[in-house]
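Working notes, structure below.
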Amino acid sequence: NEGLEDILRIGRQNRPELYNLTPPSNASAVSLLPALSCPARLDAAGHPVTPLTNGHIATLLNAVRELDPESIALCLLFSYLNPEHEQRLNDALCDAGFAVSPSHQILPTRGEYERGMATWLNAWLAPRVADYLQHLQQATAPAPLAIMQSHGGTIASQQAADLAVNLLLAVINLTTDPSYLWFLWSVAGGGVGVIAHGAAIVYAGRSRLPRIAS
């Protein structure tokens, strides 16, 4: 939302020197990324304060087209209570051909920083995970492939890329042959290093899993 573009850059008050009123600014990956805003606004109950107009959507689309991003993290104030504005923007961006991670689908909970950070991580991971899982699905066919999420549940590989952030901190669970524990290295260190020991593969089926070069 307009005026809140720097939430992820500011973060929480946690810092090494709590009483230092002029702490040094440490650059991060988020600091280097452009942040766009929209004038539409919801109140704390999820009711519209400033309606989202077609003009707002068109202006945002033009700005996004100039940036031509690989992936977009979409996070609006109080969208977890009322996703209408966020969903309309999501639909417009998807129709324009962009890959979008809307916060009300990624982490629908209060706390704009936490929800925004999870959404940004998902937008960053999704294209990389999608490419990897596409190759993995081809390699394991015709056996079904499911991906373990951080909470221990599984998700279809086709859906995993859309919720890539949910793969973080999951553990490897190969449900067929223990001899395939070499795959732990491929996923955690060699194959998908960007998710830092996160993605978990639940491989079910009788066909053997071919060795994948990392």
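If you're wondering about the labels, chains in the structure tokens are A, B, ... by order shown, residues count from 1 in each chain, ligands from 1 in order shown.
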
DSSP-assigned strand (DSSP E or B) members of segment 80-154 of chain A, reported as JSON, numbers by chain: {"A": [100, 101, 102, 145, 146, 147, 148, 154]}

Those residues with N, CA, C and O atoms, as a CSV table (one decimal), in the first residue's frame please?
```
chain,number,residue,atom,x,y,z
A,100,VAL,N,2.9,-14.4,-9.8
A,100,VAL,CA,2.6,-13.6,-8.6
A,100,VAL,C,2.4,-14.5,-7.4
A,100,VAL,O,1.8,-15.6,-7.5
A,101,SER,N,2.9,-14.1,-6.3
A,101,SER,CA,2.7,-14.7,-5.0
A,101,SER,C,1.8,-13.8,-4.1
A,101,SER,O,2.4,-12.8,-3.6
A,102,PRO,N,0.5,-14.0,-4.0
A,102,PRO,CA,-0.3,-13.1,-3.2
A,102,PRO,C,-0.3,-13.5,-1.7
A,102,PRO,O,-0.4,-14.7,-1.4
A,145,LEU,N,4.7,-38.2,-7.6
A,145,LEU,CA,5.7,-37.4,-6.8
A,145,LEU,C,5.0,-36.4,-5.9
A,145,LEU,O,4.1,-35.6,-6.4
A,146,ALA,N,5.3,-36.5,-4.6
A,146,ALA,CA,4.7,-35.5,-3.7
A,146,ALA,C,5.9,-34.9,-2.9
A,146,ALA,O,6.9,-35.5,-2.8
A,147,ILE,N,5.6,-33.7,-2.4
A,147,ILE,CA,6.7,-32.9,-1.8
A,147,ILE,C,6.2,-32.7,-0.3
A,147,ILE,O,5.1,-32.3,0.0
A,148,MET,N,7.2,-32.9,0.6
A,148,MET,CA,6.9,-32.7,2.0
A,148,MET,C,7.1,-31.2,2.4
A,148,MET,O,8.0,-30.6,2.0
A,154,THR,N,2.2,-33.3,3.1
A,154,THR,CA,2.7,-33.4,1.7
A,154,THR,C,1.8,-32.6,0.8
A,154,THR,O,0.6,-32.3,1.1
```

Contacts of Arg41 of chain A at 12 Å (only C-alpha atoms; same-chain gap of 5+ positions) as an MDAnalysis selection string: chainID A and resid 1:4 46:53 56 75:79 82:86

Neighbour list for segment 57-72 of chain A as an NGL selection string, cut-off 12 Å, only C-alpha atoms, skip fewer than 5 positions in-chain: :A and (1-2 or 33-40 or 51-52 or 85-103 or 116 or 119-128 or 130 or 162)

Two-atom distance - atom CA of Asp6 of chain A, atom CA of Asn54 of chain A (Å): 24.6 Å

Coordinates-based distance that separates atom CA of Gly152 of chain A from atom CA of Leu74 of chain A (Å, one decimal): 26.3 Å

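Between atom CA of Asn166 of chain A and atom CA of Gln149 of chain A the interatomic distance comes to 5.3 Å.
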
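All residues in segment 45-91 of chain A with a DSSP state of helix (DSSP H, G or I), computed from the backbone, read A:Asn54, A:Gly55, A:His56, A:Ile57, A:Ala58, A:Thr59, A:Leu60, A:Leu61, A:Asn62, A:Ala63, A:Val64, A:Arg65, A:Glu66, A:Leu67, A:Glu84, A:His85, A:Glu86, A:Gln87, A:Arg88, A:Leu89, A:Asn90, A:Asp91.
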